[in-house]
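S.K.: Right, I'll just put the structure down here and ask away after.
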Amino acid sequence: MKRIFSGVQPSGTPTIGNYVGALKQFVDLQDQFDTYYCVVNEHAITVAQDPETLRKNTRSLAALYLALGVDPNKSAIFIQSQVPAHAQAAWIVQCLTPLGELERMTQFKDKAQKQDNIFAGLLGYPALMVADIVLYDADLVPVGEDQKQHMELTRNFVDRFNNRFGTKEEKLLVKPEIYTPKAGGRIMSLQDPSKKMSKSDDNKKAFISLLDDPKTIEKKIKSAVTDSSGEISYDPEDKPGVSNLLDIFSAFSDQSISQLEKTYANSGYGQLKTDLSQALIAVLEPMQKDYQRLLASSELDDVLAAGAKQANEVANQTLARIEKAIGFR
Ligand code: AQP
């Protein structure tokens, strides 16, 4: 069975962008693949985090995985820092990755611009991501389109490592493929559809968090930027705001964009926004009830302990293979 690895940072409450780009895929793929889903708290500390908030967000994100439908009987759910092999392998990856490749990453450049102080971990972020993925021999990595460049870096690393340390017969590391959703691989900010929706955006109206209540969802969708033409059609170039709403609607209703265009051919933006809010609430409200129950239960801790045990077993085997290849063992 093919293997999948992915993760989300506990750097805030995930947005509907994180859901469409990644979390929705986590649930959809777990029946056909051997799946490993991680709360990547080591990635989160590449920018400043308050310890108590990080602790809370980490447990909250794990509860969200479960509430959204990731099934612990099908998937390993675990916290990155509870599997030491991630940090150990990341160091090796960093030592084998040219500085120029890391400096070219657009996510590094974007995030560095927003920081008062840039720490080395931010530059090393993609090396940790390479380690995450190769440790599980992942064939596929479900992520949003913003991760394309990091996935290319991962694939190049695997080629280089296999060529240098492996043989023609023995490929030491598995070369992973990116898996992005058909629609909505990049959900944009509701206030500025030229930039992607992010959970750490200072403008709270720019994103819908998975824990927003119905009233907040309605308000944020109502104030989403559109355009003055009044026509509902999918054209990301000229109508980025409306196209973004259609992408979100499609992901939350499982209707195609063209079906939605037909349905709303004779409607205005007001109707589209009302119906989109209802589609979001229909998915998020029941999920949030389950989330509250999980947060208060010990079930969550049991799931994370079992997930860490399973992940450690697999990751340690790969780490041993890597360490032997480079001359540590
Ligand atoms: N706007 C988006 N549309 C589609 N997919 C998205 N992802 C993030 N934003 C969008 C995908 O969500 C997964 C988890 O992302 P992450 O938390 O690990 O890091 P990120 O990409 O940096 O996400 P954010 O929300 O922008 O976080 P902050 O604000 O903390 O930096 C990834 O698969 C990502 O592609």
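The chains in the structure tokens are called A, B, ... from first to last as shown; in each chain the residues are counted from 1, and the ligands are counted from 1 in the order shown.
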Range 171-181 of chain A: which residues within 6 Å, counting only C-alpha atoms, same-chain residues fewer than 3 positions away excluded, as a list in words?

M.R.: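 The residues that qualify are Asp137, Ala138, Asp139, Leu140, Val141, Pro142, Val143, Gly144, Arg155, Val158, Asn162, Gly166 and Gly185 of chain A.
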
S.K.: Give the residues close to ligand 1, within 8 Å, counting only C-alpha atoms and all ligand atoms; write them as a PyMOL selection string.

M.R.: chain A and resi 6-12+14-23+40+43-44+107+111+142-147+184-189+196-201

S.K.: Among range 98-248 of chain A, which ones does DSSP place in strand (DSSP E), written as a PyMOL selection string?

M.R.: chain A and resi 140-142+177-179

S.K.: Excluding range 29-31 of chain A and its own-chain neighbours fewer than 6 positions away, which residues fall within 9 Å of it when counting only C-alpha atoms? Please give them as a list in words.

M.R.: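 Near range 29-31 of chain A, the qualifying residues are Ile4, Val70, Asp71, Lys74, Ser75 and Pro142 of chain A.
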
S.K.: Between CA of Lys222 in chain A and CA of Asp192 in chain A, measure the distance and give it in Å to one decimal.

M.R.: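 Going from CA of Lys222 in chain A over to CA of Asp192 in chain A covers 14.2 Å.
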
S.K.: Please determine, counting only C-alpha atoms, which residue among A:Gln94, A:Asn156, A:Asn244, A:Asn203 has the shortest atom-to-atom distance to Lys273 in chain A.

M.R.: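 The shortest atom-to-atom distance to Lys273 in chain A comes from A:Asn244.
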
S.K.: Could you tell me how far CA of Ser267 in chain A sits from CA of Ser250 in chain A, in Å to one decimal place?

M.R.: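 Spanning CA of Ser250 in chain A to CA of Ser267 in chain A is a straight-line distance of 16.8 Å.
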
S.K.: Under the rule that only C-alpha atoms are counted, which of A:Ile257, A:Leu123, A:Leu102, A:Ile221 is the nearest residue to Ala206 in chain A?

M.R.: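 Once distances to Ala206 in chain A are computed over only C-alpha atoms, the minimum belongs to A:Ile221.
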
S.K.: Could you work out how far CA of Thr263 in chain A lies from CA of Leu276 in chain A, giving the answer in Å with one decimal?

M.R.: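 Going from CA of Leu276 in chain A over to CA of Thr263 in chain A covers 12.5 Å.
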
S.K.: Out of A:Arg164, A:Pro240, A:Ser229, A:Leu66, which residue has the shortest atom-to-atom distance to Leu190 in chain A when counting only C-alpha atoms?

M.R.: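 The answer is A:Pro240, which sits nearest to Leu190 in chain A.
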
S.K.: Counting only C-alpha atoms, which of A:Ser297, A:Gln288, A:Gln149, A:Gln310 gets nearest to Arg104 in chain A?

M.R.: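 Among the listed residues, the smallest separation from Arg104 in chain A belongs to A:Gln149.
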
S.K.: Using only C-alpha atoms, determine which residues lie at most 7 Å from range 54-62 of chain A, disregarding the query and same-chain residues fewer than 2 positions distant; provide the list as number ranges by chain.

M.R.: A: 10-13, 39, 41, 49-52, 64-66, 295

S.K.: Let's have the selection written as a compact mmCIF listing (two decimals), in the first residue's frame, with C-alpha atoms.

M.R.:
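Final output, selection_15.txt:
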# COMPACT_ATOMS: atom_id res chain seq x y z
CA PRO A 10 0.08 24.63 15.22
CA SER A 11 0.77 28.32 14.56
CA GLY A 12 -2.86 29.33 15.15
CA THR A 13 -6.27 27.83 14.44
CA VAL A 39 1.14 18.24 14.05
CA ASN A 41 5.25 21.96 16.15
CA GLN A 49 5.72 31.36 19.57
CA ASP A 50 4.43 31.93 23.07
CA PRO A 51 4.99 28.58 24.94
CA GLU A 52 1.52 28.35 26.52
CA LEU A 64 -9.27 19.13 14.93
CA TYR A 65 -7.67 16.32 12.90
CA LEU A 66 -9.93 13.84 14.69
CA LEU A 295 -10.58 18.41 23.74

S.K.: Compare A:Ala63, A:Leu245, A:Val27, A:Ile118 by their minimum atom-to-atom distance to Arg293 in chain A, counting only C-alpha atoms, and give me the closest one.

M.R.: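 Smallest separation from Arg293 in chain A among the options: A:Ala63.
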